[in-house]
$ cat run.cif   # mmCIF, C-alpha atoms and all ligand atoms
data_target
#
loop_
_atom_site.label_atom_id
_atom_site.label_comp_id
_atom_site.auth_asym_id
_atom_site.auth_seq_id
_atom_site.Cartn_x
_atom_site.Cartn_y
_atom_site.Cartn_z
CA MET V 20 -41.45 -1.41 88.15
CA PHE V 21 -38.60 -1.86 90.63
CA ASN V 22 -35.39 -3.55 89.76
CA GLN V 23 -33.96 -6.04 92.24
CA GLU V 24 -31.66 -3.53 93.83
CA GLN V 25 -34.51 -1.18 94.62
CA LYS V 26 -36.79 -3.97 95.87
CA ASN V 27 -34.22 -5.36 98.26
CA PRO V 28 -31.25 -3.11 98.67
CA GLY V 29 -30.27 -5.06 101.81
CA GLN V 30 -26.81 -4.09 103.02
CA SER V 31 -26.02 -2.18 99.88
CA VAL V 32 -26.72 1.48 100.59
CA ARG V 33 -23.50 3.29 101.33
CA MET V 34 -22.94 6.62 103.02
CA ASP V 35 -20.19 8.71 101.49
CA LYS V 36 -18.94 12.18 100.79
CA ILE V 37 -20.26 13.54 97.51
CA SER V 38 -19.87 16.72 95.48
CA VAL V 39 -22.22 19.64 95.88
CA GLU V 40 -23.40 19.05 92.32
CA GLN V 41 -24.61 15.59 93.34
CA THR V 42 -26.82 17.11 96.05
CA LEU V 43 -28.67 19.57 93.84
CA GLY V 44 -31.24 17.24 92.29
CA LEU V 45 -32.68 16.06 95.63
CA ARG V 46 -32.36 19.47 97.24
CA HIS V 47 -34.50 20.79 94.44
CA SER V 48 -37.04 17.99 93.94
CA VAL V 49 -37.63 17.24 97.65
CA LEU V 50 -37.16 20.58 99.39
CA TRP V 51 -37.92 23.38 96.94
CA PRO V 52 -39.57 21.88 93.82
CA ASP V 53 -41.43 25.08 92.98
CA MET V 54 -38.34 27.28 93.09
CA PRO V 55 -35.66 27.66 90.45
CA LEU V 56 -32.65 25.37 90.83
CA SER V 57 -30.54 28.37 91.81
CA GLN V 58 -32.60 28.58 95.03
CA VAL V 59 -30.97 25.40 96.33
CA CYS V 60 -27.39 26.52 95.65
CA LEU V 61 -25.83 28.11 98.72
CA PRO V 62 -23.05 30.71 98.62
CA GLU V 63 -21.38 28.61 101.35
CA ASP V 64 -21.54 25.36 99.38
CA SER V 65 -17.91 25.38 98.32
CA ALA V 66 -16.89 25.47 101.99
CA GLY V 67 -19.23 22.67 103.05
CA ILE V 68 -18.93 18.90 103.26
CA HIS V 69 -21.64 17.08 101.39
CA PHE V 70 -22.85 13.57 102.07
CA GLY V 71 -25.04 11.17 100.19
CA ALA V 72 -26.65 7.77 100.57
CA LEU V 73 -25.88 5.85 97.39
CA LEU V 74 -27.04 2.62 95.86
CA PRO V 75 -24.37 0.35 94.36
CA HIS V 76 -23.01 1.37 91.01
CA SER V 77 -24.76 4.73 91.22
CA ASP V 78 -23.44 8.23 91.68
CA GLU V 79 -26.93 9.60 92.05
CA PRO V 80 -27.73 9.84 95.76
CA ILE V 81 -31.05 8.75 97.25
CA ALA V 82 -30.56 11.04 100.27
CA VAL V 83 -28.33 14.07 100.84
CA ILE V 84 -27.18 16.35 103.64
CA SER V 85 -24.57 19.12 103.84
CA LEU V 86 -22.40 20.23 106.77
CA PHE V 87 -20.98 23.69 107.38
CA VAL V 88 -18.83 25.08 110.17
CA GLU V 89 -21.06 27.85 111.48
CA ALA V 90 -21.60 29.28 114.95
CA LEU V 91 -24.77 28.62 116.85
CA PRO V 92 -26.90 31.72 116.40
CA ILE V 93 -27.83 33.31 119.70
CA ASP V 94 -29.94 36.37 119.07
CA LYS V 95 -32.98 38.11 120.45
CA ASN V 96 -35.19 35.26 119.27
CA THR V 97 -33.39 32.80 121.52
CA THR V 98 -33.55 34.87 124.70
CA SER V 99 -35.59 32.32 126.64
CA ASP V 100 -33.07 29.57 125.86
CA LEU V 101 -30.00 31.70 126.37
CA PRO V 102 -28.85 30.34 129.76
CA LEU V 103 -28.74 26.76 128.51
CA LEU V 104 -27.08 27.60 125.20
CA LYS V 105 -24.65 30.02 126.80
CA GLN V 106 -23.65 27.31 129.24
CA GLN V 107 -23.08 24.93 126.34
CA ASN V 108 -20.93 27.49 124.55
CA GLN V 109 -18.91 28.12 127.71
CA GLN V 110 -18.24 24.42 128.02
CA HIS V 111 -17.10 24.42 124.42
CA GLN V 112 -14.72 27.24 125.10
CA GLN V 113 -13.23 25.32 128.01
CA ASN V 114 -13.02 22.12 125.99
CA TYR V 115 -11.47 23.82 123.03
CA GLY V 116 -9.04 25.90 125.00
CA TYR V 117 -10.16 29.47 124.76
CA THR V 118 -11.64 31.70 127.41
CA GLU V 119 -14.83 33.63 127.89
CA ASP V 120 -13.01 36.94 127.14
CA GLU V 121 -11.88 35.60 123.80
CA THR V 122 -15.35 34.50 122.79
CA THR V 123 -16.28 35.56 119.30
CA GLU V 124 -18.63 34.06 116.78
CA THR V 125 -15.60 32.94 114.81
CA LYS V 126 -14.01 31.08 117.68
CA ARG V 127 -17.27 29.45 118.68
CA ALA V 128 -17.61 28.25 115.13
CA LEU V 129 -14.53 26.07 115.57
CA ALA V 130 -16.62 23.65 117.56
CA VAL V 131 -20.06 24.07 116.03
CA VAL V 132 -21.47 22.76 112.78
CA ARG V 133 -24.71 23.44 110.99
CA PHE V 134 -26.36 20.88 108.75
CA ARG V 135 -28.53 21.97 105.86
CA LYS V 136 -30.47 20.71 102.86
CA PHE V 137 -31.30 17.32 104.32
CA ALA V 138 -33.53 15.36 101.97
CA CYS V 139 -34.39 11.78 101.08
CA ALA V 140 -36.03 10.76 97.81
CA PRO V 141 -39.72 10.08 98.53
CA ARG V 142 -39.64 6.45 97.40
CA TYR V 143 -36.85 5.73 99.89
CA GLN V 144 -38.25 7.67 102.86
CA GLY V 145 -39.18 5.82 106.04
CA LYS V 146 -36.55 3.09 105.55
CA GLY V 147 -33.96 4.39 107.99
CA ILE V 148 -31.74 6.02 105.38
CA GLY V 149 -32.16 9.57 106.69
CA THR V 150 -31.38 8.42 110.23
CA HIS V 151 -28.19 6.70 109.06
CA LEU V 152 -27.11 9.59 106.89
CA LEU V 153 -27.57 12.13 109.70
CA ALA V 154 -25.64 9.92 112.13
CA TYR V 155 -22.88 9.42 109.56
CA ALA V 156 -22.59 13.16 108.87
CA LEU V 157 -22.49 13.96 112.59
CA SER V 158 -19.84 11.33 113.23
CA ILE V 159 -17.68 12.94 110.53
CA ALA V 160 -18.40 16.33 112.11
CA ARG V 161 -16.99 15.02 115.37
CA SER V 162 -14.00 13.20 113.95
CA GLU V 163 -12.91 15.56 111.15
CA LEU V 164 -14.23 18.96 112.23
CA ASP V 165 -13.86 18.46 115.98
CA ALA V 166 -17.45 19.54 116.40
CA GLY V 167 -19.04 19.49 119.81
CA MET V 168 -22.43 20.79 118.76
CA ALA V 169 -24.61 20.71 115.67
CA TRP V 170 -27.66 22.75 114.78
CA CYS V 171 -30.07 23.24 111.93
CA ASP V 172 -33.07 25.20 110.76
CA ALA V 173 -35.69 22.46 110.91
CA ARG V 174 -38.96 22.48 109.06
CA THR V 175 -41.61 22.31 111.78
CA THR V 176 -43.04 19.30 109.90
CA SER V 177 -39.81 17.48 110.79
CA THR V 178 -39.42 18.63 114.41
CA GLU V 179 -40.77 15.38 115.81
CA TRP V 180 -38.41 13.38 113.59
CA TYR V 181 -35.41 15.29 114.96
CA GLU V 182 -36.64 15.11 118.57
CA LYS V 183 -36.69 11.32 118.29
CA ARG V 184 -33.04 11.62 117.35
CA SER V 185 -32.14 13.72 120.41
CA LEU V 186 -32.20 17.20 118.88
CA GLN V 187 -34.04 19.91 120.74
CA THR V 188 -35.59 23.17 119.67
CA PHE V 189 -34.43 26.66 120.62
CA GLY V 190 -35.81 30.08 119.80
CA GLU V 191 -39.02 30.96 118.07
CA THR V 192 -40.46 29.64 114.83
CA PHE V 193 -39.89 31.63 111.64
CA PHE V 194 -40.67 31.37 107.95
CA LYS V 195 -38.62 31.01 104.80
CA GLY V 196 -41.19 31.73 102.12
CA PRO V 197 -44.24 29.62 102.93
CA VAL V 198 -42.30 27.07 105.03
CA GLU V 199 -42.26 27.32 108.83
CA TYR V 200 -39.01 26.53 110.64
CA VAL V 201 -37.60 26.28 114.11
CA ARG V 202 -33.96 25.95 115.14
CA MET V 203 -32.76 22.69 116.68
CA TRP V 204 -29.48 21.61 118.16
CA ILE V 205 -27.67 18.59 119.54
CA ASP V 206 -24.67 18.18 121.81
CA LEU V 207 -22.15 15.88 120.17
CA ARG V 208 -19.62 15.53 122.96
CA ASP V 209 -18.82 12.35 124.80
CA SER V 210 -21.33 10.40 122.81
CA PRO V 211 -21.34 6.87 121.50
CA GLY V 212 -20.13 6.68 117.93
CA SER V 213 -17.80 9.63 118.30
CA GLU V 214 -15.05 7.62 116.69
CA HIS V 215 -14.54 7.89 112.96
CA PRO V 216 -17.17 5.73 111.30
CA THR V 217 -15.87 2.43 110.09
CA LYS V 218 -16.35 1.32 106.56
CA GLU V 219 -18.94 -1.12 107.84
CA ARG V 220 -20.98 1.63 109.45
CA ALA V 221 -21.00 3.50 106.18
CA PHE V 222 -22.96 0.64 104.64
CA VAL V 223 -26.47 0.19 105.97
CA PRO V 224 -29.54 -1.93 105.36
CA VAL V 225 -32.49 0.15 104.25
CA THR V 226 -35.20 -2.47 104.58
CA ALA V 227 -35.13 -3.15 108.32
CA GLU V 228 -37.10 -0.55 110.29
CA ALA V 229 -35.67 -1.97 113.50
CA ASP V 230 -32.22 -0.96 112.36
CA SER V 231 -33.39 2.61 112.02
CA ARG V 232 -34.55 2.55 115.63
CA ASN V 233 -31.25 1.01 116.76
CA LEU V 234 -29.33 3.73 115.05
CA SER V 235 -31.43 6.50 116.51
CA SER V 236 -30.49 5.17 119.93
CA ARG V 237 -26.82 5.60 118.88
CA LEU V 238 -27.31 9.29 118.23
CA PRO V 239 -25.82 11.16 121.12
CA PRO V 240 -27.95 12.05 124.13
CA VAL V 241 -28.56 15.71 124.87
CA SER V 242 -26.63 16.98 127.86
CA LYS V 243 -28.78 18.81 130.38
C1 LIG V 301 -36.60 14.08 106.97
C2 LIG V 301 -36.08 13.01 106.03
C3 LIG V 301 -34.73 13.46 105.45
C4 LIG V 301 -35.86 11.74 106.86
O1 LIG V 301 -35.33 10.73 106.03
P1 LIG V 301 -35.99 9.26 106.05
O2 LIG V 301 -35.04 8.37 105.36
O3 LIG V 301 -37.36 9.33 105.52
O4 LIG V 301 -36.04 8.97 107.61
P2 LIG V 301 -35.91 7.56 108.32
O5 LIG V 301 -36.44 6.53 107.41
O6 LIG V 301 -34.54 7.38 108.83
O7 LIG V 301 -36.86 7.75 109.55
C5 LIG V 301 -38.04 7.01 109.60
C6 LIG V 301 -38.74 7.33 110.88
O8 LIG V 301 -39.16 8.68 110.90
C7 LIG V 301 -40.58 8.74 110.95
N1 LIG V 301 -40.90 9.96 110.23
C8 LIG V 301 -40.77 10.20 108.93
N2 LIG V 301 -41.12 11.48 108.68
C9 LIG V 301 -41.47 12.04 109.86
C10 LIG V 301 -41.91 13.33 110.26
N3 LIG V 301 -42.09 14.31 109.38
N4 LIG V 301 -42.15 13.56 111.57
C11 LIG V 301 -41.98 12.56 112.47
N5 LIG V 301 -41.55 11.34 112.15
C12 LIG V 301 -41.31 11.07 110.85
C13 LIG V 301 -41.03 7.43 110.40
O9 LIG V 301 -42.31 7.08 110.86
C14 LIG V 301 -39.98 6.52 111.01
O10 LIG V 301 -40.21 6.34 112.38
P3 LIG V 301 -39.50 5.18 113.22
O11 LIG V 301 -38.03 5.45 113.21
O12 LIG V 301 -40.08 5.31 114.58
O13 LIG V 301 -39.86 3.92 112.51
C15 LIG V 301 -37.06 12.67 104.90
O14 LIG V 301 -38.27 12.23 105.44
C16 LIG V 301 -37.31 13.84 103.97
O15 LIG V 301 -36.60 14.04 103.01
N6 LIG V 301 -38.37 14.63 104.25
C17 LIG V 301 -38.74 15.75 103.38
C18 LIG V 301 -37.71 16.88 103.44
C19 LIG V 301 -37.50 17.36 104.84
O16 LIG V 301 -38.43 17.63 105.58
N7 LIG V 301 -36.21 17.50 105.19
C20 LIG V 301 -35.82 17.98 106.48
C21 LIG V 301 -35.74 19.47 106.37
S1 LIG V 301 -35.43 20.15 107.99
#
$ encode --input "run.cif" --output "structure tokens"
Amino acid sequence: MFNQEQKNPGQSVRMDKISVEQTLGLRHSVLWPDMPLSQVCLPEDSAGIHFGALLPHSDEPIAVISLFVEALPIDKNTTSDLPLLKQQNQQHQQNYGYTEDETTETKRALAVVRFRKFACAPRYQGKGIGTHLLAYALSIARSELDAGMAWCDARTTSTEWYEKRSLQTFGETFFKGPVEYVRMWIDLRDSPGSEHPTKERAFVPVTAEADSRNLSSRLPPVSK
């Protein structure tokens, strides 16, 4: 049923940039299988950076995630969290050299990324691949996009998964169709692994659960 590579992928799964077209199959089959394929294509896709976890000799990813430069949304739904998030944004403005008076959504976006359409093929879930892929994408966000903060719309079924990886919720829950979501964010500054990922770190074992736990401890801590 499984070929050798699938039974024991060992060190062989690699994390890499991929095309948006390569993300569509998993976006559709894992996240929105009952919707038309067009549902998983985003107008912003051409401006995003797309990442995949790939087995050797394969261009078909087993996990995908996409990154977009997009400001942290602070609206009426996030009122209760506003002081903390506002403080974070002010620190960003200082770090990135513009002042409170100059604050606009556009300028904030220089330092903030959103990740979207994060999915791992069911047969490969629970092997640490998602953890590695998220960490890889966030390390590229830091090194190539100069990001200091990342956020996402998280399915509430995945909130605990993200919390274990140092993301925290803000705002109220909301629905997209039948699926309930909450927003989550993570501070990326001054964290371990903020250097550009080495080639070695782009290759990960997918069989060792302990490695998944080690990597989650390398995700950056949340600043209070
Ligand atoms: C979320 C997802 C991308 C994670 O990828 P993955 O490769 O399965 O994750 P990992 O193998 O790195 O993580 C495994 C760990 O998460 C735990 N886990 C898996 N799903 C979980 C969940 N929904 N809630 C809490 N923990 C979860 C496992 O028990 C394991 O725990 P451990 O690290 O303590 O051993 C993948 O499960 C997936 O595609 N889920 C369906 C789509 C989805 O919900 N995407 C996120 C949209 S916001």
$ closest_atom_pairs --input "run.cif" --of "chain V" --to "ligand LIG 301 (chain V)" --cutoff "7 Å" --atoms "only C-alpha atoms and all ligand atoms" --output "tab-separated table"
residue	atom	partner	partner_atom	distance
V:Val49	CA	V:LIG301	C18	5.8
V:Leu50	CA	V:LIG301	C18	5.5
V:Lys136	CA	V:LIG301	C21	6.5
V:Phe137	CA	V:LIG301	N7	5.0
V:Ala138	CA	V:LIG301	O15	3.5
V:Cys139	CA	V:LIG301	O15	3.7
V:Ala140	CA	V:LIG301	O15	6.2
V:Pro141	CA	V:LIG301	O15	6.7
V:Tyr143	CA	V:LIG301	O2	6.3
V:Gln144	CA	V:LIG301	O3	3.3
V:Gly145	CA	V:LIG301	O5	3.1
V:Lys146	CA	V:LIG301	O5	3.9
V:Gly147	CA	V:LIG301	O6	3.2
V:Ile148	CA	V:LIG301	O2	4.1
V:Gly149	CA	V:LIG301	O2	3.4
V:Thr150	CA	V:LIG301	O6	3.6
V:His151	CA	V:LIG301	O6	6.4
V:Asp172	CA	V:LIG301	S1	6.2
V:Ala173	CA	V:LIG301	S1	3.7
V:Arg174	CA	V:LIG301	S1	4.4
V:Thr176	CA	V:LIG301	N3	5.1
V:Ser177	CA	V:LIG301	N3	4.2
V:Thr178	CA	V:LIG301	N4	6.4
V:Glu179	CA	V:LIG301	C11	4.5
V:Trp180	CA	V:LIG301	C11	3.8
V:Glu228	CA	V:LIG301	O13	5.7
V:Ser231	CA	V:LIG301	O11	5.6
V:Arg232	CA	V:LIG301	O11	5.1
$ write_last_selection --input "run.cif" --atoms "C-alpha atoms" --output "PDB file, in the frame of the given file"
ATOM      1  CA  VAL V  49     -37.630  17.240  97.650  1.00  0.00           C
ATOM      2  CA  LEU V  50     -37.160  20.580  99.390  1.00  0.00           C
ATOM      3  CA  LYS V 136     -30.470  20.710 102.860  1.00  0.00           C
ATOM      4  CA  PHE V 137     -31.300  17.320 104.320  1.00  0.00           C
ATOM      5  CA  ALA V 138     -33.530  15.360 101.970  1.00  0.00           C
ATOM      6  CA  CYS V 139     -34.390  11.780 101.080  1.00  0.00           C
ATOM      7  CA  ALA V 140     -36.030  10.760  97.810  1.00  0.00           C
ATOM      8  CA  PRO V 141     -39.720  10.080  98.530  1.00  0.00           C
ATOM      9  CA  TYR V 143     -36.850   5.730  99.890  1.00  0.00           C
ATOM     10  CA  GLN V 144     -38.250   7.670 102.860  1.00  0.00           C
ATOM     11  CA  GLY V 145     -39.180   5.820 106.040  1.00  0.00           C
ATOM     12  CA  LYS V 146     -36.550   3.090 105.550  1.00  0.00           C
ATOM     13  CA  GLY V 147     -33.960   4.390 107.990  1.00  0.00           C
ATOM     14  CA  ILE V 148     -31.740   6.020 105.380  1.00  0.00           C
ATOM     15  CA  GLY V 149     -32.160   9.570 106.690  1.00  0.00           C
ATOM     16  CA  THR V 150     -31.380   8.420 110.230  1.00  0.00           C
ATOM     17  CA  HIS V 151     -28.190   6.700 109.060  1.00  0.00           C
ATOM     18  CA  ASP V 172     -33.070  25.200 110.760  1.00  0.00           C
ATOM     19  CA  ALA V 173     -35.690  22.460 110.910  1.00  0.00           C
ATOM     20  CA  ARG V 174     -38.960  22.480 109.060  1.00  0.00           C
ATOM     21  CA  THR V 176     -43.040  19.300 109.900  1.00  0.00           C
ATOM     22  CA  SER V 177     -39.810  17.480 110.790  1.00  0.00           C
ATOM     23  CA  THR V 178     -39.420  18.630 114.410  1.00  0.00           C
ATOM     24  CA  GLU V 179     -40.770  15.380 115.810  1.00  0.00           C
ATOM     25  CA  TRP V 180     -38.410  13.380 113.590  1.00  0.00           C
ATOM     26  CA  GLU V 228     -37.100  -0.550 110.290  1.00  0.00           C
ATOM     27  CA  SER V 231     -33.390   2.610 112.020  1.00  0.00           C
ATOM     28  CA  ARG V 232     -34.550   2.550 115.630  1.00  0.00           C
TER      29      ARG V 232
END
$ closest_residue --input "run.cif" --among "V:Pro75, V:Lys195, V:Ser158, V:Trp204" --to "V:Trp51" --atoms "all atoms listed in the file"
V:Lys195
$ residues_around --input "run.cif" --residues "V:Ala72" --least-positions-apart "5" --cutoff "6 Å" --atoms "all atoms listed in the file" --output "PyMOL selection string"
chain V and resi 33-34+80-82
$ residues_near_point --input "run.cif" --point "(-27.2, 20.3, 116.2)" --cutoff "7 Å" --atoms "only C-alpha atoms" --output "PyMOL selection string"
chain V and resi 133+168-171+186+203-206
$ atom_distance --input "run.cif" --atom1 "atom CA of V:Val59" --atom2 "atom CA of V:Glu79"
16.9 Å
$ closest_residue --input "run.cif" --among "V:Ser31, V:Glu40, V:Ala90, V:Met54" --to "V:Leu73" --atoms "all atoms listed in the file"
V:Ser31
$ axis_aligned_box --input "run.cif" --around "stretch 139-154 of chain V" --padding-each-side "6 Å" --output "AutoDock Vina command-line options"
--center_x -32.7 --center_y 7.6 --center_z 104.8 --size_x 26.1 --size_y 21.0 --size_z 26.7
$ atom_distance --input "run.cif" --atom1 "atom CA of V:Pro92" --atom2 "atom CA of V:Ser65"
21.2 Å
$ atom_distance --input "run.cif" --atom1 "atom CA of V:Gln187" --atom2 "atom CA of V:Leu207"
12.6 Å
$ residues_around --input "run.cif" --residues "V:Leu43" --least-positions-apart "4" --cutoff "8 Å" --atoms "all atoms listed in the file" --output "PDB file with C-alpha atoms, keeping the file's coordinate frame"
ATOM      1  CA  VAL V  39     -22.220  19.640  95.880  1.00  0.00           C
ATOM      2  CA  HIS V  47     -34.500  20.790  94.440  1.00  0.00           C
ATOM      3  CA  LEU V  56     -32.650  25.370  90.830  1.00  0.00           C
ATOM      4  CA  VAL V  59     -30.970  25.400  96.330  1.00  0.00           C
ATOM      5  CA  CYS V  60     -27.390  26.520  95.650  1.00  0.00           C
TER       6      CYS V  60
END
$ closest_residue --input "run.cif" --among "V:Asp35, V:Asp64, V:Glu191, V:Asp78" --to "V:Arg135" --atoms "only C-alpha atoms"
V:Asp64
$ closest_residue --input "run.cif" --among "V:Val32, V:Ala166, V:Ile37, V:Val132" --to "V:Gly71" --atoms "all atoms listed in the file"
V:Ile37
